[in-house]
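Step one of this worksheet: look at the structure below.
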Amino acid sequence: MNGDERTLTLPARFTHRLPIEVLLPADSPRLNGLDEEHVRRLVGVYASLPPVLVHRSTLRVVDGMHRVAAAAHQGLTSVEVQYFDGADEETFLRSVTANITHGLPLSVADRKAAAERILRSRPDLSDRSVASCTGLDAKTVATIRPRSTADNPQPNIRIGADGRAHPLDRTAERLRAAELMTHHPDLPLRAIVKETGLSLGTAHDVRRRLQRGEAPVPEGRRAAAARRAAALTSSTAAATSEPPAQRPPAPAPPTATTPAPTAGTGSSRGSMELLRRLAGDPSLRHSESGRHFLRWLHTHVMVDEAWRRQAAAVPPHCTDTVAELALQCSHAWKRFAEDLARRRLTDATPDPSRHAASAPRQGA
């Protein structure tokens, strides 16, 4: 027997046998629970059934509660299982996906309830992505989304069925592309794509709109972007508003170590609006260092209440460590703000030597 013949190769779908008593019941998308009639049907064909899918770290059934019940009806004390190694928050999504591809079909009510729950926990998923998981039409998912995400501001990024991130609002990128096309009409579309991050098809659309004398952003998309911005601003204002009796005292006048508030800044203007204004500033957009700063800023700023969607993912034993890290980051941002405030005050203070040097020239 040579070395190749002695090599042990495990099957791709390796199974284990677990006692039924150690399994936790599934977080099932079925609103009515187990169907006893379906369990009785499975008892007669139990030997041909696939293994039960179980979350490895929790031993919770992901797919196969009817099979577990059928095994128990036969007097079995254990079942064949395959392990699912995804994160805890992925188990429900995997359970829904499994139940629309085989076994007892989910009802339309089950699928709509599952879609609503998925959208509450993962509002960044696109309508098509949720539709592919639940077996619904993407238009149906779109009608469910408003009531499932009414309490949370909608992210500008959607994760598509292809797993890639797709921004909802490309207004700023379209405007930038239009500016490049106007000032540099011979610039290739691929260079504009590289500069703005737009797809080639969207860049073509912007060029055709300009050639027809139309605005680079379609009217419907401008209105949708305005509605999203208004919703985000109102949700930010509601989250930060306080009763008059609980408001903190008026802030002290700015000093060299206390950054002064920018005129117009308040709860009525969210972080997204501030980011958009910076992204539209020509002094930043038209320099390599400015564009690098904008890219850095977009990856480091935590927009409004976005942290609430991440807090649930922190395990209890990691909360102290993550909290300490968050505080260290907040201290770093505070030092950054103080440094900018000192620069602002320094630039605003007249330089006597510069003024004295210019006096003879003015009298000459």
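Letters A, B, ... go to the chains of the structure tokens in the order shown; residues in each chain start at 1; ligands are counted from 1 in the same order.
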Inset, instruction - Name the residues in contact with Ala114 (chain A) at a cut-off of 10 Å, using only C-alpha atoms, excluding same-chain residues fewer than 5 positions from it; report them as a VMD selection string. - result: chain A and resid 28 to 31 92 to 93 95 to 96 106 108 to 109 119 to 120 130 133 to 134
Give me a file of those residues, with N, CA, C and O atoms, as a PDB file, in the first residue's frame.
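Result saved to out.pdb:
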```pdb
ATOM      1  N   SER A  28     -37.256  28.720  14.651  1.00  0.00           N
ATOM      2  CA  SER A  28     -37.900  28.407  13.382  1.00  0.00           C
ATOM      3  C   SER A  28     -38.660  29.585  12.794  1.00  0.00           C
ATOM      4  O   SER A  28     -39.261  30.380  13.522  1.00  0.00           O
ATOM      5  N   PRO A  29     -38.660  29.704  11.459  1.00  0.00           N
ATOM      6  CA  PRO A  29     -39.484  30.729  10.817  1.00  0.00           C
ATOM      7  C   PRO A  29     -40.954  30.342  10.724  1.00  0.00           C
ATOM      8  O   PRO A  29     -41.765  31.142  10.250  1.00  0.00           O
ATOM      9  N   ARG A  30     -41.319  29.132  11.146  1.00  0.00           N
ATOM     10  CA  ARG A  30     -42.718  28.673  11.055  1.00  0.00           C
ATOM     11  C   ARG A  30     -43.537  29.281  12.192  1.00  0.00           C
ATOM     12  O   ARG A  30     -43.278  29.027  13.369  1.00  0.00           O
ATOM     13  N   LEU A  31     -44.536  30.053  11.844  1.00  0.00           N
ATOM     14  CA  LEU A  31     -45.355  30.732  12.841  1.00  0.00           C
ATOM     15  C   LEU A  31     -46.182  29.747  13.661  1.00  0.00           C
ATOM     16  O   LEU A  31     -46.481  30.002  14.826  1.00  0.00           O
ATOM     17  N   PHE A  92     -30.683  32.137  11.854  1.00  0.00           N
ATOM     18  CA  PHE A  92     -32.063  32.298  11.395  1.00  0.00           C
ATOM     19  C   PHE A  92     -32.119  32.449   9.882  1.00  0.00           C
ATOM     20  O   PHE A  92     -32.976  31.848   9.212  1.00  0.00           O
ATOM     21  N   LEU A  93     -31.187  33.220   9.336  1.00  0.00           N
ATOM     22  CA  LEU A  93     -31.136  33.401   7.884  1.00  0.00           C
ATOM     23  C   LEU A  93     -30.901  32.064   7.189  1.00  0.00           C
ATOM     24  O   LEU A  93     -31.549  31.756   6.181  1.00  0.00           O
ATOM     25  N   SER A  95     -31.669  29.137   8.406  1.00  0.00           N
ATOM     26  CA  SER A  95     -32.860  28.312   8.611  1.00  0.00           C
ATOM     27  C   SER A  95     -33.936  28.643   7.583  1.00  0.00           C
ATOM     28  O   SER A  95     -34.572  27.742   7.022  1.00  0.00           O
ATOM     29  N   VAL A  96     -34.133  29.921   7.322  1.00  0.00           N
ATOM     30  CA  VAL A  96     -35.141  30.332   6.341  1.00  0.00           C
ATOM     31  C   VAL A  96     -34.752  29.833   4.954  1.00  0.00           C
ATOM     32  O   VAL A  96     -35.574  29.275   4.219  1.00  0.00           O
ATOM     33  N   LEU A 106     -42.664  26.661   3.490  1.00  0.00           N
ATOM     34  CA  LEU A 106     -43.114  27.757   4.349  1.00  0.00           C
ATOM     35  C   LEU A 106     -44.312  28.437   3.698  1.00  0.00           C
ATOM     36  O   LEU A 106     -44.359  28.611   2.478  1.00  0.00           O
ATOM     37  N   VAL A 108     -46.822  31.686   2.871  1.00  0.00           N
ATOM     38  CA  VAL A 108     -46.516  33.075   2.504  1.00  0.00           C
ATOM     39  C   VAL A 108     -46.413  33.935   3.759  1.00  0.00           C
ATOM     40  O   VAL A 108     -45.540  34.805   3.871  1.00  0.00           O
ATOM     41  N   ALA A 109     -47.279  33.678   4.739  1.00  0.00           N
ATOM     42  CA  ALA A 109     -47.223  34.435   6.000  1.00  0.00           C
ATOM     43  C   ALA A 109     -45.902  34.172   6.722  1.00  0.00           C
ATOM     44  O   ALA A 109     -45.298  35.098   7.290  1.00  0.00           O
ATOM     45  N   LEU A 119     -34.986  41.929   7.943  1.00  0.00           N
ATOM     46  CA  LEU A 119     -34.758  43.349   7.673  1.00  0.00           C
ATOM     47  C   LEU A 119     -34.529  44.141   8.958  1.00  0.00           C
ATOM     48  O   LEU A 119     -33.820  45.143   8.946  1.00  0.00           O
ATOM     49  N   ARG A 120     -35.165  43.713  10.054  1.00  0.00           N
ATOM     50  CA  ARG A 120     -34.921  44.404  11.328  1.00  0.00           C
ATOM     51  C   ARG A 120     -33.486  44.197  11.794  1.00  0.00           C
ATOM     52  O   ARG A 120     -32.868  45.131  12.327  1.00  0.00           O
ATOM     53  N   VAL A 130     -32.753  39.658   0.274  1.00  0.00           N
ATOM     54  CA  VAL A 130     -33.739  39.106   1.209  1.00  0.00           C
ATOM     55  C   VAL A 130     -34.743  38.242   0.462  1.00  0.00           C
ATOM     56  O   VAL A 130     -35.175  37.191   0.957  1.00  0.00           O
ATOM     57  N   CYS A 133     -33.462  34.803  -0.109  1.00  0.00           N
ATOM     58  CA  CYS A 133     -33.418  33.995   1.111  1.00  0.00           C
ATOM     59  C   CYS A 133     -34.799  33.504   1.531  1.00  0.00           C
ATOM     60  O   CYS A 133     -34.913  32.425   2.135  1.00  0.00           O
ATOM     61  N   THR A 134     -35.821  34.279   1.252  1.00  0.00           N
ATOM     62  CA  THR A 134     -37.158  33.970   1.756  1.00  0.00           C
ATOM     63  C   THR A 134     -38.099  33.401   0.705  1.00  0.00           C
ATOM     64  O   THR A 134     -39.204  32.966   1.032  1.00  0.00           O
TER      65      THR A 134
END
```
Legend entry - For region 54-60 of chain A: contacts at 9 Å, only C-alpha atoms, fewer than 5 positions along chain excluded, given as JSON, numbers by chain: {"A": [22, 23, 24, 25, 26, 27, 81, 82, 83, 84, 85, 86, 87, 88, 91]}
Inset, instruction - Give the helix (DSSP H, G or I) residues of region 13-180 of chain A, as assigned by DSSP on the backbone, as JSON, numbers by chain. - result: {"A": [20, 21, 22, 36, 37, 38, 39, 40, 41, 42, 43, 44, 46, 47, 48, 65, 66, 67, 68, 69, 70, 71, 72, 73, 88, 89, 90, 91, 92, 93, 94, 95, 96, 97, 98, 99, 108, 109, 110, 111, 112, 113, 114, 115, 116, 117, 118, 119, 120, 121, 127, 128, 129, 130, 131, 132, 133, 134, 138, 139, 140, 141, 142, 143, 144, 145, 146, 147, 148, 171, 172, 173, 174, 175, 176, 177, 178, 179, 180]}
Quick one: residues within 12 Å of Arg209 (chain A), only C-alpha atoms, excluding same-chain residues fewer than 2 positions away - as a PDB file with all heavy atoms, in the first residue's frame?
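Dumped everything to out07.pdb:
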```pdb
ATOM      1  N   ARG A 174     -22.343  61.133  -9.095  1.00  0.00           N
ATOM      2  CA  ARG A 174     -22.851  61.563 -10.397  1.00  0.00           C
ATOM      3  C   ARG A 174     -22.488  63.026 -10.678  1.00  0.00           C
ATOM      4  O   ARG A 174     -22.108  63.383 -11.798  1.00  0.00           O
ATOM      5  CB  ARG A 174     -24.370  61.388 -10.461  1.00  0.00           C
ATOM      6  CG  ARG A 174     -24.825  59.960 -10.776  1.00  0.00           C
ATOM      7  CD  ARG A 174     -26.338  59.861 -10.727  1.00  0.00           C
ATOM      8  NE  ARG A 174     -26.831  58.598 -11.271  1.00  0.00           N
ATOM      9  CZ  ARG A 174     -27.239  58.407 -12.515  1.00  0.00           C
ATOM     10  NH1 ARG A 174     -27.256  59.428 -13.354  1.00  0.00           N
ATOM     11  NH2 ARG A 174     -27.652  57.225 -12.932  1.00  0.00           N
ATOM     12  N   LEU A 175     -22.622  63.870  -9.657  1.00  0.00           N
ATOM     13  CA  LEU A 175     -22.280  65.282  -9.837  1.00  0.00           C
ATOM     14  C   LEU A 175     -20.796  65.454 -10.124  1.00  0.00           C
ATOM     15  O   LEU A 175     -20.397  66.285 -10.944  1.00  0.00           O
ATOM     16  CB  LEU A 175     -22.678  66.067  -8.584  1.00  0.00           C
ATOM     17  CG  LEU A 175     -24.179  66.173  -8.308  1.00  0.00           C
ATOM     18  CD1 LEU A 175     -24.427  66.877  -6.982  1.00  0.00           C
ATOM     19  CD2 LEU A 175     -24.892  66.912  -9.437  1.00  0.00           C
ATOM     20  N   ALA A 177     -18.862  63.217 -11.559  1.00  0.00           N
ATOM     21  CA  ALA A 177     -18.650  62.737 -12.923  1.00  0.00           C
ATOM     22  C   ALA A 177     -19.063  63.796 -13.941  1.00  0.00           C
ATOM     23  O   ALA A 177     -18.374  64.018 -14.942  1.00  0.00           O
ATOM     24  CB  ALA A 177     -19.426  61.442 -13.148  1.00  0.00           C
ATOM     25  N   ALA A 178     -20.199  64.460 -13.692  1.00  0.00           N
ATOM     26  CA  ALA A 178     -20.657  65.512 -14.598  1.00  0.00           C
ATOM     27  C   ALA A 178     -19.659  66.663 -14.655  1.00  0.00           C
ATOM     28  O   ALA A 178     -19.395  67.232 -15.732  1.00  0.00           O
ATOM     29  CB  ALA A 178     -22.023  66.016 -14.149  1.00  0.00           C
ATOM     30  N   MET A 181     -16.705  65.538 -16.776  1.00  0.00           N
ATOM     31  CA  MET A 181     -17.068  65.494 -18.199  1.00  0.00           C
ATOM     32  C   MET A 181     -17.172  66.893 -18.785  1.00  0.00           C
ATOM     33  O   MET A 181     -16.862  67.121 -19.961  1.00  0.00           O
ATOM     34  CB  MET A 181     -18.396  64.758 -18.370  1.00  0.00           C
ATOM     35  CG  MET A 181     -18.319  63.280 -18.064  1.00  0.00           C
ATOM     36  SD  MET A 181     -19.961  62.507 -18.109  1.00  0.00           S
ATOM     37  CE  MET A 181     -19.570  60.830 -17.556  1.00  0.00           C
ATOM     38  N   THR A 202     -23.369  53.511 -15.215  1.00  0.00           N
ATOM     39  CA  THR A 202     -23.850  54.772 -14.642  1.00  0.00           C
ATOM     40  C   THR A 202     -23.111  55.958 -15.253  1.00  0.00           C
ATOM     41  O   THR A 202     -23.704  57.009 -15.512  1.00  0.00           O
ATOM     42  CB  THR A 202     -23.661  54.759 -13.119  1.00  0.00           C
ATOM     43  OG1 THR A 202     -24.338  53.622 -12.565  1.00  0.00           O
ATOM     44  CG2 THR A 202     -24.230  56.023 -12.489  1.00  0.00           C
ATOM     45  N   ALA A 203     -21.796  55.801 -15.472  1.00  0.00           N
ATOM     46  CA  ALA A 203     -21.035  56.884 -16.111  1.00  0.00           C
ATOM     47  C   ALA A 203     -21.566  57.152 -17.516  1.00  0.00           C
ATOM     48  O   ALA A 203     -21.692  58.314 -17.931  1.00  0.00           O
ATOM     49  CB  ALA A 203     -19.553  56.522 -16.152  1.00  0.00           C
ATOM     50  N   HIS A 204     -21.915  56.092 -18.253  1.00  0.00           N
ATOM     51  CA  HIS A 204     -22.529  56.263 -19.580  1.00  0.00           C
ATOM     52  C   HIS A 204     -23.839  57.040 -19.452  1.00  0.00           C
ATOM     53  O   HIS A 204     -24.137  57.925 -20.269  1.00  0.00           O
ATOM     54  CB  HIS A 204     -22.800  54.899 -20.211  1.00  0.00           C
ATOM     55  CG  HIS A 204     -21.655  54.372 -21.026  1.00  0.00           C
ATOM     56  ND1 HIS A 204     -21.214  54.976 -22.175  1.00  0.00           N
ATOM     57  CD2 HIS A 204     -20.868  53.275 -20.837  1.00  0.00           C
ATOM     58  CE1 HIS A 204     -20.195  54.291 -22.676  1.00  0.00           C
ATOM     59  NE2 HIS A 204     -19.971  53.253 -21.890  1.00  0.00           N
ATOM     60  N   ASP A 205     -24.627  56.709 -18.448  1.00  0.00           N
ATOM     61  CA  ASP A 205     -25.914  57.377 -18.257  1.00  0.00           C
ATOM     62  C   ASP A 205     -25.724  58.860 -17.989  1.00  0.00           C
ATOM     63  O   ASP A 205     -26.459  59.705 -18.522  1.00  0.00           O
ATOM     64  CB  ASP A 205     -26.682  56.726 -17.099  1.00  0.00           C
ATOM     65  CG  ASP A 205     -28.026  57.384 -16.849  1.00  0.00           C
ATOM     66  OD1 ASP A 205     -28.914  57.269 -17.719  1.00  0.00           O
ATOM     67  OD2 ASP A 205     -28.190  58.031 -15.787  1.00  0.00           O
ATOM     68  N   VAL A 206     -24.731  59.198 -17.149  1.00  0.00           N
ATOM     69  CA  VAL A 206     -24.459  60.612 -16.860  1.00  0.00           C
ATOM     70  C   VAL A 206     -24.077  61.345 -18.140  1.00  0.00           C
ATOM     71  O   VAL A 206     -24.556  62.461 -18.407  1.00  0.00           O
ATOM     72  CB  VAL A 206     -23.339  60.740 -15.800  1.00  0.00           C
ATOM     73  CG1 VAL A 206     -22.908  62.196 -15.644  1.00  0.00           C
ATOM     74  CG2 VAL A 206     -23.806  60.187 -14.457  1.00  0.00           C
ATOM     75  N   ARG A 207     -23.218  60.730 -18.961  1.00  0.00           N
ATOM     76  CA  ARG A 207     -22.784  61.390 -20.207  1.00  0.00           C
ATOM     77  C   ARG A 207     -23.966  61.602 -21.155  1.00  0.00           C
ATOM     78  O   ARG A 207     -24.105  62.676 -21.762  1.00  0.00           O
ATOM     79  CB  ARG A 207     -21.696  60.557 -20.878  1.00  0.00           C
ATOM     80  CG  ARG A 207     -21.307  61.046 -22.273  1.00  0.00           C
ATOM     81  CD  ARG A 207     -19.993  60.463 -22.714  1.00  0.00           C
ATOM     82  NE  ARG A 207     -18.879  61.074 -21.976  1.00  0.00           N
ATOM     83  CZ  ARG A 207     -17.613  60.711 -22.130  1.00  0.00           C
ATOM     84  NH1 ARG A 207     -17.295  59.744 -22.982  1.00  0.00           N
ATOM     85  NH2 ARG A 207     -16.652  61.314 -21.450  1.00  0.00           N
ATOM     86  N   GLN A 211     -25.483  65.132 -22.590  1.00  0.00           N
ATOM     87  CA  GLN A 211     -25.608  65.385 -24.026  1.00  0.00           C
ATOM     88  C   GLN A 211     -27.024  65.793 -24.410  1.00  0.00           C
ATOM     89  O   GLN A 211     -27.220  66.542 -25.372  1.00  0.00           O
ATOM     90  CB  GLN A 211     -25.193  64.125 -24.800  1.00  0.00           C
ATOM     91  CG  GLN A 211     -23.705  63.831 -24.729  1.00  0.00           C
ATOM     92  CD  GLN A 211     -23.343  62.481 -25.326  1.00  0.00           C
ATOM     93  OE1 GLN A 211     -24.218  61.639 -25.576  1.00  0.00           O
ATOM     94  NE2 GLN A 211     -22.054  62.256 -25.555  1.00  0.00           N
ATOM     95  N   ARG A 212     -28.023  65.306 -23.640  1.00  0.00           N
ATOM     96  CA  ARG A 212     -29.420  65.691 -23.905  1.00  0.00           C
ATOM     97  C   ARG A 212     -29.800  66.982 -23.193  1.00  0.00           C
ATOM     98  O   ARG A 212     -30.946  67.426 -23.290  1.00  0.00           O
ATOM     99  CB  ARG A 212     -30.365  64.573 -23.454  1.00  0.00           C
ATOM    100  CG  ARG A 212     -30.224  63.283 -24.243  1.00  0.00           C
ATOM    101  CD  ARG A 212     -31.407  62.358 -23.977  1.00  0.00           C
ATOM    102  NE  ARG A 212     -31.526  62.005 -22.568  1.00  0.00           N
ATOM    103  CZ  ARG A 212     -31.043  60.886 -22.028  1.00  0.00           C
ATOM    104  NH1 ARG A 212     -30.373  60.021 -22.800  1.00  0.00           N
ATOM    105  NH2 ARG A 212     -31.213  60.635 -20.748  1.00  0.00           N
ATOM    106  N   GLY A 213     -28.857  67.564 -22.440  1.00  0.00           N
ATOM    107  CA  GLY A 213     -29.146  68.791 -21.717  1.00  0.00           C
ATOM    108  C   GLY A 213     -29.919  68.573 -20.434  1.00  0.00           C
ATOM    109  O   GLY A 213     -30.524  69.509 -19.906  1.00  0.00           O
ATOM    110  N   GLU A 214     -29.877  67.352 -19.884  1.00  0.00           N
ATOM    111  CA  GLU A 214     -30.598  67.042 -18.653  1.00  0.00           C
ATOM    112  C   GLU A 214     -29.650  67.081 -17.459  1.00  0.00           C
ATOM    113  O   GLU A 214     -28.428  67.107 -17.606  1.00  0.00           O
ATOM    114  CB  GLU A 214     -31.236  65.650 -18.760  1.00  0.00           C
ATOM    115  CG  GLU A 214     -32.231  65.515 -19.902  1.00  0.00           C
ATOM    116  CD  GLU A 214     -32.729  64.084 -20.046  1.00  0.00           C
ATOM    117  OE1 GLU A 214     -32.284  63.226 -19.260  1.00  0.00           O
ATOM    118  OE2 GLU A 214     -33.548  63.829 -20.953  1.00  0.00           O
ATOM    119  N   ALA A 215     -30.224  67.077 -16.265  1.00  0.00           N
ATOM    120  CA  ALA A 215     -29.430  67.029 -15.038  1.00  0.00           C
ATOM    121  C   ALA A 215     -28.769  65.664 -14.928  1.00  0.00           C
ATOM    122  O   ALA A 215     -29.330  64.657 -15.357  1.00  0.00           O
ATOM    123  CB  ALA A 215     -30.313  67.288 -13.822  1.00  0.00           C
ATOM    124  N   PRO A 216     -27.561  65.599 -14.344  1.00  0.00           N
ATOM    125  CA  PRO A 216     -26.867  64.306 -14.255  1.00  0.00           C
ATOM    126  C   PRO A 216     -27.543  63.317 -13.318  1.00  0.00           C
ATOM    127  O   PRO A 216     -27.305  62.115 -13.410  1.00  0.00           O
ATOM    128  CB  PRO A 216     -25.476  64.689 -13.743  1.00  0.00           C
ATOM    129  CG  PRO A 216     -25.659  66.013 -13.078  1.00  0.00           C
ATOM    130  CD  PRO A 216     -26.747  66.710 -13.833  1.00  0.00           C
ATOM    131  N   VAL A 217     -28.382  63.818 -12.403  1.00  0.00           N
ATOM    132  CA  VAL A 217     -29.082  62.947 -11.454  1.00  0.00           C
ATOM    133  C   VAL A 217     -30.561  62.943 -11.816  1.00  0.00           C
ATOM    134  O   VAL A 217     -31.186  64.007 -11.890  1.00  0.00           O
ATOM    135  CB  VAL A 217     -28.902  63.429 -10.001  1.00  0.00           C
ATOM    136  CG1 VAL A 217     -29.585  62.469  -9.033  1.00  0.00           C
ATOM    137  CG2 VAL A 217     -27.425  63.572  -9.666  1.00  0.00           C
ATOM    138  N   PRO A 218     -31.163  61.774 -12.059  1.00  0.00           N
ATOM    139  CA  PRO A 218     -32.592  61.734 -12.383  1.00  0.00           C
ATOM    140  C   PRO A 218     -33.441  62.349 -11.273  1.00  0.00           C
ATOM    141  O   PRO A 218     -33.097  62.276 -10.092  1.00  0.00           O
ATOM    142  CB  PRO A 218     -32.882  60.234 -12.524  1.00  0.00           C
ATOM    143  CG  PRO A 218     -31.562  59.616 -12.841  1.00  0.00           C
ATOM    144  CD  PRO A 218     -30.544  60.440 -12.111  1.00  0.00           C
ATOM    145  N   GLU A 219     -34.547  62.953 -11.654  1.00  0.00           N
ATOM    146  CA  GLU A 219     -35.413  63.643 -10.704  1.00  0.00           C
ATOM    147  C   GLU A 219     -35.882  62.712  -9.595  1.00  0.00           C
ATOM    148  O   GLU A 219     -35.905  63.077  -8.424  1.00  0.00           O
ATOM    149  CB  GLU A 219     -36.617  64.233 -11.442  1.00  0.00           C
ATOM    150  CG  GLU A 219     -37.617  64.951 -10.519  1.00  0.00           C
ATOM    151  CD  GLU A 219     -36.992  66.144  -9.826  1.00  0.00           C
ATOM    152  OE1 GLU A 219     -36.116  66.792 -10.432  1.00  0.00           O
ATOM    153  OE2 GLU A 219     -37.380  66.423  -8.680  1.00  0.00           O
TER     154      GLU A 219
END
```
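Relative to CA of Ala113 (chain A), CA of Gly64 (chain A) is found at 19.6 Å.
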